Amino acid sequence: MNVYEIGSLSEKLSTNAYPGRGIVLGVSPDGKNAVAAYFIMGRSVNSRNRVFSLEPDGIRTEAHDPSLMKDPHLIIYHPVREAGCGLIVTNGDQTDTIWEYLARGESWEAALRTRMFEDDGPNWTPRISGLQNTHDGSYKMSILKSADAEGSECARFFYEYPAIAGLGHFIHTYVCDGNPVIPTFQGEPERVALENDIDSFTEMLWENLNESNKISLFVRYTDLETGDYEQRIINKHE
């Protein structure tokens, strides 16, 4: 077993009909760019009725058709926000909690210790989060998930990664699809290969997400020398 093997994102996505929401962070193979990606998927009409829209400091989820929105709870939030020399990427409103803590000089770990998994039993969907340093390319990831089937306690996991050219880490909410309960992600974020070109990387991600369940994708490449960035958004409804 090679614990340092770098996996294929296209393979991981194409063979999994429902990884749920996913975060990828890392550094491009040429070492020039910090790479960040976030995608959302959905099975219900309410969940699928979403798009990513631009905000001054990131993106927000919005209803594609407001008349179809039944419950904004857990599905309308600010998944990507800039914070100083960092980029916060999460699957819920913990983005704002992290931003607020960082703004007053406190740690992201302290912020996430005030939060727990989503209150959507029996799934108890994990809260996944990432914090990317856009100056040196290093990054942190976290998952908050239920410690038992009853959702009585929260287990919190934190990971820190150095900038290694070509290497990224991928964390997602679910192992795979399931009925009635969707199994939550297990273990450390997965080691995955990245690409130098933002457009080919974006296309690879989008094309390998399940056609029926994919909703929106965000990708940003930040130049580690200048801080300038390029970003792409794909919405299924547009």
# chains A, B, ... in the order shown; residues from 1 in each chain; ligands from 1
call {"tool": "select_by_dssp", "arguments": {"residues": "range 5-236 of chain A", "states": "strand (DSSP E or B)", "output": "PyMOL selection string"}}
result
chain A and resi 7+22-27+33-41+50-55+58-63+80-83+86-90+127-133+139-146+154-161+165+167-172+174+184+190-193+214-223+229-235
call {"tool": "residues_around", "arguments": {"residues": "Glu160 in chain A", "least_positions_apart": "6", "cutoff": "8 Å", "atoms": "only C-alpha atoms", "output": "MDAnalysis selection string"}}
result
chainID A and resid 138:141
call {"tool": "residues_around", "arguments": {"residues": "Ser10 in chain A", "least_positions_apart": "4", "cutoff": "8 Å", "atoms": "only C-alpha atoms", "output": "PDB file with C-alpha atoms, in the first residue's frame"}}
result
ATOM      1  CA  SER A  14     -16.942   9.703 -12.144  1.00  0.00           C
ATOM      2  CA  MET A 204     -12.545  17.975 -15.814  1.00  0.00           C
ATOM      3  CA  LEU A 205     -14.373  18.537 -12.541  1.00  0.00           C
ATOM      4  CA  ASN A 208     -17.024  14.035 -14.097  1.00  0.00           C
TER       5      ASN A 208
END
call {"tool": "residues_around", "arguments": {"residues": "Tyr161 in chain A", "least_positions_apart": "4", "cutoff": "12 Å", "atoms": "only C-alpha atoms", "output": "PDB file with all heavy atoms, in the first residue's frame"}}
result
ATOM      1  N   LEU A  25      -8.403  21.749  -2.278  1.00  0.00           N
ATOM      2  CA  LEU A  25      -7.392  22.792  -2.085  1.00  0.00           C
ATOM      3  C   LEU A  25      -6.024  22.216  -2.395  1.00  0.00           C
ATOM      4  O   LEU A  25      -5.773  21.029  -2.170  1.00  0.00           O
ATOM      5  CB  LEU A  25      -7.412  23.309  -0.639  1.00  0.00           C
ATOM      6  CG  LEU A  25      -8.683  23.990  -0.143  1.00  0.00           C
ATOM      7  CD1 LEU A  25      -8.526  24.389   1.325  1.00  0.00           C
ATOM      8  CD2 LEU A  25      -9.018  25.211  -0.985  1.00  0.00           C
ATOM      9  N   GLY A  26      -5.115  23.051  -2.899  1.00  0.00           N
ATOM     10  CA  GLY A  26      -3.762  22.597  -3.184  1.00  0.00           C
ATOM     11  C   GLY A  26      -2.997  23.607  -4.007  1.00  0.00           C
ATOM     12  O   GLY A  26      -3.367  24.786  -4.071  1.00  0.00           O
ATOM     13  N   VAL A  27      -1.943  23.135  -4.658  1.00  0.00           N
ATOM     14  CA  VAL A  27      -1.069  23.994  -5.459  1.00  0.00           C
ATOM     15  C   VAL A  27      -0.874  23.358  -6.833  1.00  0.00           C
ATOM     16  O   VAL A  27      -0.706  22.139  -6.951  1.00  0.00           O
ATOM     17  CB  VAL A  27       0.296  24.186  -4.758  1.00  0.00           C
ATOM     18  CG1 VAL A  27       1.242  25.008  -5.626  1.00  0.00           C
ATOM     19  CG2 VAL A  27       0.103  24.867  -3.403  1.00  0.00           C
ATOM     20  N   GLY A 130     -12.424  24.674   4.570  1.00  0.00           N
ATOM     21  CA  GLY A 130     -11.035  24.832   4.176  1.00  0.00           C
ATOM     22  C   GLY A 130     -10.603  26.277   4.340  1.00  0.00           C
ATOM     23  O   GLY A 130     -11.417  27.198   4.232  1.00  0.00           O
ATOM     24  N   LEU A 131      -9.311  26.466   4.625  1.00  0.00           N
ATOM     25  CA  LEU A 131      -8.734  27.804   4.744  1.00  0.00           C
ATOM     26  C   LEU A 131      -7.400  27.785   4.008  1.00  0.00           C
ATOM     27  O   LEU A 131      -6.461  27.104   4.421  1.00  0.00           O
ATOM     28  CB  LEU A 131      -8.530  28.187   6.207  1.00  0.00           C
ATOM     29  CG  LEU A 131      -7.903  29.557   6.466  1.00  0.00           C
ATOM     30  CD1 LEU A 131      -8.763  30.682   5.894  1.00  0.00           C
ATOM     31  CD2 LEU A 131      -7.677  29.767   7.964  1.00  0.00           C
ATOM     32  N   GLN A 132      -7.328  28.523   2.914  1.00  0.00           N
ATOM     33  CA  GLN A 132      -6.140  28.518   2.056  1.00  0.00           C
ATOM     34  C   GLN A 132      -5.352  29.808   2.240  1.00  0.00           C
ATOM     35  O   GLN A 132      -5.908  30.905   2.192  1.00  0.00           O
ATOM     36  CB  GLN A 132      -6.579  28.392   0.601  1.00  0.00           C
ATOM     37  CG  GLN A 132      -5.446  28.299  -0.405  1.00  0.00           C
ATOM     38  CD  GLN A 132      -5.992  28.089  -1.804  1.00  0.00           C
ATOM     39  OE1 GLN A 132      -6.718  28.936  -2.326  1.00  0.00           O
ATOM     40  NE2 GLN A 132      -5.672  26.962  -2.413  1.00  0.00           N
ATOM     41  N   ASN A 133      -4.042  29.659   2.467  1.00  0.00           N
ATOM     42  CA  ASN A 133      -3.150  30.809   2.534  1.00  0.00           C
ATOM     43  C   ASN A 133      -2.722  31.135   1.098  1.00  0.00           C
ATOM     44  O   ASN A 133      -1.998  30.366   0.469  1.00  0.00           O
ATOM     45  CB  ASN A 133      -1.925  30.485   3.393  1.00  0.00           C
ATOM     46  CG  ASN A 133      -1.028  31.687   3.608  1.00  0.00           C
ATOM     47  OD1 ASN A 133      -0.752  32.451   2.685  1.00  0.00           O
ATOM     48  ND2 ASN A 133      -0.545  31.864   4.826  1.00  0.00           N
ATOM     49  N   ASP A 136       1.439  31.687   0.528  1.00  0.00           N
ATOM     50  CA  ASP A 136       2.416  30.600   0.419  1.00  0.00           C
ATOM     51  C   ASP A 136       1.817  29.285  -0.077  1.00  0.00           C
ATOM     52  O   ASP A 136       2.542  28.316  -0.287  1.00  0.00           O
ATOM     53  CB  ASP A 136       3.149  30.390   1.749  1.00  0.00           C
ATOM     54  CG  ASP A 136       2.237  29.896   2.878  1.00  0.00           C
ATOM     55  OD1 ASP A 136       1.105  29.443   2.611  1.00  0.00           O
ATOM     56  OD2 ASP A 136       2.671  29.964   4.041  1.00  0.00           O
ATOM     57  N   GLY A 137       0.496  29.226  -0.254  1.00  0.00           N
ATOM     58  CA  GLY A 137      -0.142  28.038  -0.799  1.00  0.00           C
ATOM     59  C   GLY A 137      -0.500  26.961   0.206  1.00  0.00           C
ATOM     60  O   GLY A 137      -1.141  25.970  -0.152  1.00  0.00           O
ATOM     61  N   SER A 138      -0.092  27.107   1.462  1.00  0.00           N
ATOM     62  CA  SER A 138      -0.460  26.120   2.476  1.00  0.00           C
ATOM     63  C   SER A 138      -1.958  26.229   2.771  1.00  0.00           C
ATOM     64  O   SER A 138      -2.599  27.228   2.440  1.00  0.00           O
ATOM     65  CB  SER A 138       0.350  26.337   3.752  1.00  0.00           C
ATOM     66  OG  SER A 138       0.062  27.613   4.326  1.00  0.00           O
ATOM     67  N   TYR A 139      -2.514  25.199   3.406  1.00  0.00           N
ATOM     68  CA  TYR A 139      -3.949  25.215   3.643  1.00  0.00           C
ATOM     69  C   TYR A 139      -4.330  24.304   4.801  1.00  0.00           C
ATOM     70  O   TYR A 139      -3.567  23.422   5.206  1.00  0.00           O
ATOM     71  CB  TYR A 139      -4.717  24.807   2.387  1.00  0.00           C
ATOM     72  CG  TYR A 139      -4.236  23.533   1.723  1.00  0.00           C
ATOM     73  CD1 TYR A 139      -4.870  22.314   1.925  1.00  0.00           C
ATOM     74  CD2 TYR A 139      -3.134  23.560   0.868  1.00  0.00           C
ATOM     75  CE1 TYR A 139      -4.433  21.152   1.301  1.00  0.00           C
ATOM     76  CE2 TYR A 139      -2.683  22.406   0.237  1.00  0.00           C
ATOM     77  CZ  TYR A 139      -3.338  21.202   0.465  1.00  0.00           C
ATOM     78  OH  TYR A 139      -2.886  20.062  -0.146  1.00  0.00           O
ATOM     79  N   LYS A 140      -5.514  24.576   5.331  1.00  0.00           N
ATOM     80  CA  LYS A 140      -6.090  23.780   6.403  1.00  0.00           C
ATOM     81  C   LYS A 140      -7.440  23.243   5.948  1.00  0.00           C
ATOM     82  O   LYS A 140      -8.124  23.868   5.144  1.00  0.00           O
ATOM     83  CB  LYS A 140      -6.282  24.625   7.665  1.00  0.00           C
ATOM     84  CG  LYS A 140      -5.006  25.248   8.216  1.00  0.00           C
ATOM     85  CD  LYS A 140      -5.316  26.088   9.449  1.00  0.00           C
ATOM     86  CE  LYS A 140      -4.054  26.722  10.017  1.00  0.00           C
ATOM     87  NZ  LYS A 140      -4.343  27.506  11.261  1.00  0.00           N
ATOM     88  N   MET A 141      -7.814  22.094   6.504  1.00  0.00           N
ATOM     89  CA  MET A 141      -9.132  21.526   6.220  1.00  0.00           C
ATOM     90  C   MET A 141      -9.718  20.985   7.513  1.00  0.00           C
ATOM     91  O   MET A 141      -8.990  20.669   8.469  1.00  0.00           O
ATOM     92  CB  MET A 141      -9.053  20.432   5.163  1.00  0.00           C
ATOM     93  CG  MET A 141      -8.463  20.883   3.842  1.00  0.00           C
ATOM     94  SD  MET A 141      -8.468  19.625   2.538  1.00  0.00           S
ATOM     95  CE  MET A 141      -9.903  20.146   1.591  1.00  0.00           C
ATOM     96  N   SER A 142     -11.038  20.892   7.545  1.00  0.00           N
ATOM     97  CA  SER A 142     -11.710  20.395   8.740  1.00  0.00           C
ATOM     98  C   SER A 142     -13.007  19.701   8.366  1.00  0.00           C
ATOM     99  O   SER A 142     -13.619  20.021   7.338  1.00  0.00           O
ATOM    100  CB  SER A 142     -12.008  21.554   9.701  1.00  0.00           C
ATOM    101  OG  SER A 142     -12.815  21.129  10.785  1.00  0.00           O
ATOM    102  N   ALA A 165       3.802  21.329  -4.810  1.00  0.00           N
ATOM    103  CA  ALA A 165       3.384  21.516  -6.202  1.00  0.00           C
ATOM    104  C   ALA A 165       2.751  20.250  -6.759  1.00  0.00           C
ATOM    105  O   ALA A 165       3.303  19.150  -6.646  1.00  0.00           O
ATOM    106  CB  ALA A 165       4.582  21.917  -7.055  1.00  0.00           C
ATOM    107  N   LEU A 167       0.050  18.752  -5.751  1.00  0.00           N
ATOM    108  CA  LEU A 167      -0.736  17.982  -4.791  1.00  0.00           C
ATOM    109  C   LEU A 167      -1.910  18.794  -4.250  1.00  0.00           C
ATOM    110  O   LEU A 167      -1.755  19.954  -3.869  1.00  0.00           O
ATOM    111  CB  LEU A 167       0.142  17.539  -3.621  1.00  0.00           C
ATOM    112  CG  LEU A 167      -0.563  16.794  -2.481  1.00  0.00           C
ATOM    113  CD1 LEU A 167      -1.135  15.462  -2.957  1.00  0.00           C
ATOM    114  CD2 LEU A 167       0.379  16.583  -1.301  1.00  0.00           C
ATOM    115  N   GLY A 168      -3.070  18.177  -4.203  1.00  0.00           N
ATOM    116  CA  GLY A 168      -4.235  18.770  -3.575  1.00  0.00           C
ATOM    117  C   GLY A 168      -4.873  17.778  -2.626  1.00  0.00           C
ATOM    118  O   GLY A 168      -4.526  16.591  -2.617  1.00  0.00           O
ATOM    119  N   HIS A 169      -5.798  18.252  -1.823  1.00  0.00           N
ATOM    120  CA  HIS A 169      -6.583  17.384  -0.951  1.00  0.00           C
ATOM    121  C   HIS A 169      -8.061  17.641  -1.192  1.00  0.00           C
ATOM    122  O   HIS A 169      -8.482  18.788  -1.385  1.00  0.00           O
ATOM    123  CB  HIS A 169      -6.218  17.609   0.518  1.00  0.00           C
ATOM    124  CG  HIS A 169      -4.921  16.966   0.908  1.00  0.00           C
ATOM    125  ND1 HIS A 169      -3.712  17.586   0.710  1.00  0.00           N
ATOM    126  CD2 HIS A 169      -4.655  15.744   1.453  1.00  0.00           C
ATOM    127  CE1 HIS A 169      -2.740  16.783   1.134  1.00  0.00           C
ATOM    128  NE2 HIS A 169      -3.286  15.668   1.589  1.00  0.00           N
ATOM    129  N   PHE A 170      -8.812  16.573  -1.179  1.00  0.00           N
ATOM    130  CA  PHE A 170     -10.231  16.579  -1.520  1.00  0.00           C
ATOM    131  C   PHE A 170     -11.024  16.024  -0.345  1.00  0.00           C
ATOM    132  O   PHE A 170     -10.753  14.925   0.132  1.00  0.00           O
ATOM    133  CB  PHE A 170     -10.427  15.703  -2.766  1.00  0.00           C
ATOM    134  CG  PHE A 170     -11.857  15.485  -3.202  1.00  0.00           C
ATOM    135  CD1 PHE A 170     -12.811  16.488  -3.098  1.00  0.00           C
ATOM    136  CD2 PHE A 170     -12.243  14.264  -3.755  1.00  0.00           C
ATOM    137  CE1 PHE A 170     -14.113  16.288  -3.520  1.00  0.00           C
ATOM    138  CE2 PHE A 170     -13.531  14.051  -4.188  1.00  0.00           C
ATOM    139  CZ  PHE A 170     -14.480  15.058  -4.064  1.00  0.00           C
ATOM    140  N   GLU A 188      -9.028  10.840   6.501  1.00  0.00           N
ATOM    141  CA  GLU A 188      -8.333  12.068   6.140  1.00  0.00           C
ATOM    142  C   GLU A 188      -8.721  12.516   4.734  1.00  0.00           C
ATOM    143  O   GLU A 188      -9.051  11.673   3.889  1.00  0.00           O
ATOM    144  CB  GLU A 188      -6.817  11.824   6.194  1.00  0.00           C
ATOM    145  CG  GLU A 188      -5.976  13.046   5.921  1.00  0.00           C
ATOM    146  CD  GLU A 188      -4.485  12.760   5.960  1.00  0.00           C
ATOM    147  OE1 GLU A 188      -4.093  11.755   6.574  1.00  0.00           O
ATOM    148  OE2 GLU A 188      -3.716  13.546   5.348  1.00  0.00           O
ATOM    149  N   PRO A 189      -8.699  13.813   4.445  1.00  0.00           N
ATOM    150  CA  PRO A 189      -8.921  14.278   3.073  1.00  0.00           C
ATOM    151  C   PRO A 189      -8.042  13.523   2.082  1.00  0.00           C
ATOM    152  O   PRO A 189      -6.892  13.187   2.378  1.00  0.00           O
ATOM    153  CB  PRO A 189      -8.557  15.768   3.144  1.00  0.00           C
ATOM    154  CG  PRO A 189      -8.888  16.148   4.563  1.00  0.00           C
ATOM    155  CD  PRO A 189      -8.531  14.938   5.386  1.00  0.00           C
ATOM    156  N   GLU A 190      -8.585  13.277   0.904  1.00  0.00           N
ATOM    157  CA  GLU A 190      -7.940  12.417  -0.084  1.00  0.00           C
ATOM    158  C   GLU A 190      -6.902  13.193  -0.901  1.00  0.00           C
ATOM    159  O   GLU A 190      -7.150  14.322  -1.341  1.00  0.00           O
ATOM    160  CB  GLU A 190      -9.002  11.833  -1.018  1.00  0.00           C
ATOM    161  CG  GLU A 190     -10.036  11.003  -0.273  1.00  0.00           C
ATOM    162  CD  GLU A 190     -11.299  10.740  -1.072  1.00  0.00           C
ATOM    163  OE1 GLU A 190     -11.427  11.285  -2.191  1.00  0.00           O
ATOM    164  OE2 GLU A 190     -12.151   9.997  -0.573  1.00  0.00           O
ATOM    165  N   ARG A 191      -5.744  12.573  -1.120  1.00  0.00           N
ATOM    166  CA  ARG A 191      -4.675  13.164  -1.929  1.00  0.00           C
ATOM    167  C   ARG A 191      -5.040  13.058  -3.407  1.00  0.00           C
ATOM    168  O   ARG A 191      -5.330  11.958  -3.902  1.00  0.00           O
ATOM    169  CB  ARG A 191      -3.354  12.441  -1.660  1.00  0.00           C
ATOM    170  CG  ARG A 191      -2.846  12.620  -0.244  1.00  0.00           C
ATOM    171  CD  ARG A 191      -1.785  11.582   0.107  1.00  0.00           C
ATOM    172  NE  ARG A 191      -0.632  11.639  -0.768  1.00  0.00           N
ATOM    173  CZ  ARG A 191       0.452  12.400  -0.574  1.00  0.00           C
ATOM    174  NH1 ARG A 191       0.518  13.178   0.499  1.00  0.00           N
ATOM    175  NH2 ARG A 191       1.470  12.388  -1.423  1.00  0.00           N
TER     176      ARG A 191
END
call {"tool": "select_by_dssp", "arguments": {"residues": "range 35-203 of chain A", "states": "helix (DSSP H, G or I)", "output": "list in words"}}
result
Val45, Asn46, Ser47, Arg48, Pro66, Ser67, Leu68, Gln94, Thr95, Asp96, Thr97, Ile98, Trp99, Glu100, Tyr101, Leu102, Ala103, Trp108, Glu109, Ala110, Ala111, Leu112, Ile198, Asp199, Ser200, Phe201, Thr202 and Glu203 of chain A
call {"tool": "residues_around", "arguments": {"residues": "Glu11 in chain A", "least_positions_apart": "5", "cutoff": "12 Å", "atoms": "only C-alpha atoms", "output": "list in words"}}
result
Ile6, Asn16, Ala17, Val192, Ala193, Met204, Leu205, Glu207, Asn208, Leu209 and Asn210 of chain A
call {"tool": "write_last_selection", "arguments": {"atoms": "C-alpha atoms", "output": "short mmCIF file (atom, residue, chain, number, x, y, z; two decimals), in the first residue's frame"}}
result
data_model
loop_
_atom_site.label_atom_id
_atom_site.label_comp_id
_atom_site.auth_asym_id
_atom_site.auth_seq_id
_atom_site.Cartn_x
_atom_site.Cartn_y
_atom_site.Cartn_z
CA ILE A 6 -1.87 10.76 -5.50
CA ASN A 16 -19.33 8.27 -7.23
CA ALA A 17 -22.89 9.33 -8.05
CA VAL A 192 -5.42 14.19 -5.52
CA ALA A 193 -3.59 15.47 -8.58
CA MET A 204 -12.54 17.98 -15.81
CA LEU A 205 -14.37 18.54 -12.54
CA GLU A 207 -17.67 16.72 -16.73
CA ASN A 208 -17.02 14.04 -14.10
CA LEU A 209 -19.66 15.13 -11.59
CA ASN A 210 -22.83 13.06 -11.87
#
call {"tool": "closest_residue", "arguments": {"among": "A:Gly84, A:Pro180, A:Pro79, A:Gly31", "to": "Arg127 in chain A", "atoms": "only C-alpha atoms"}}
result
A:Pro79
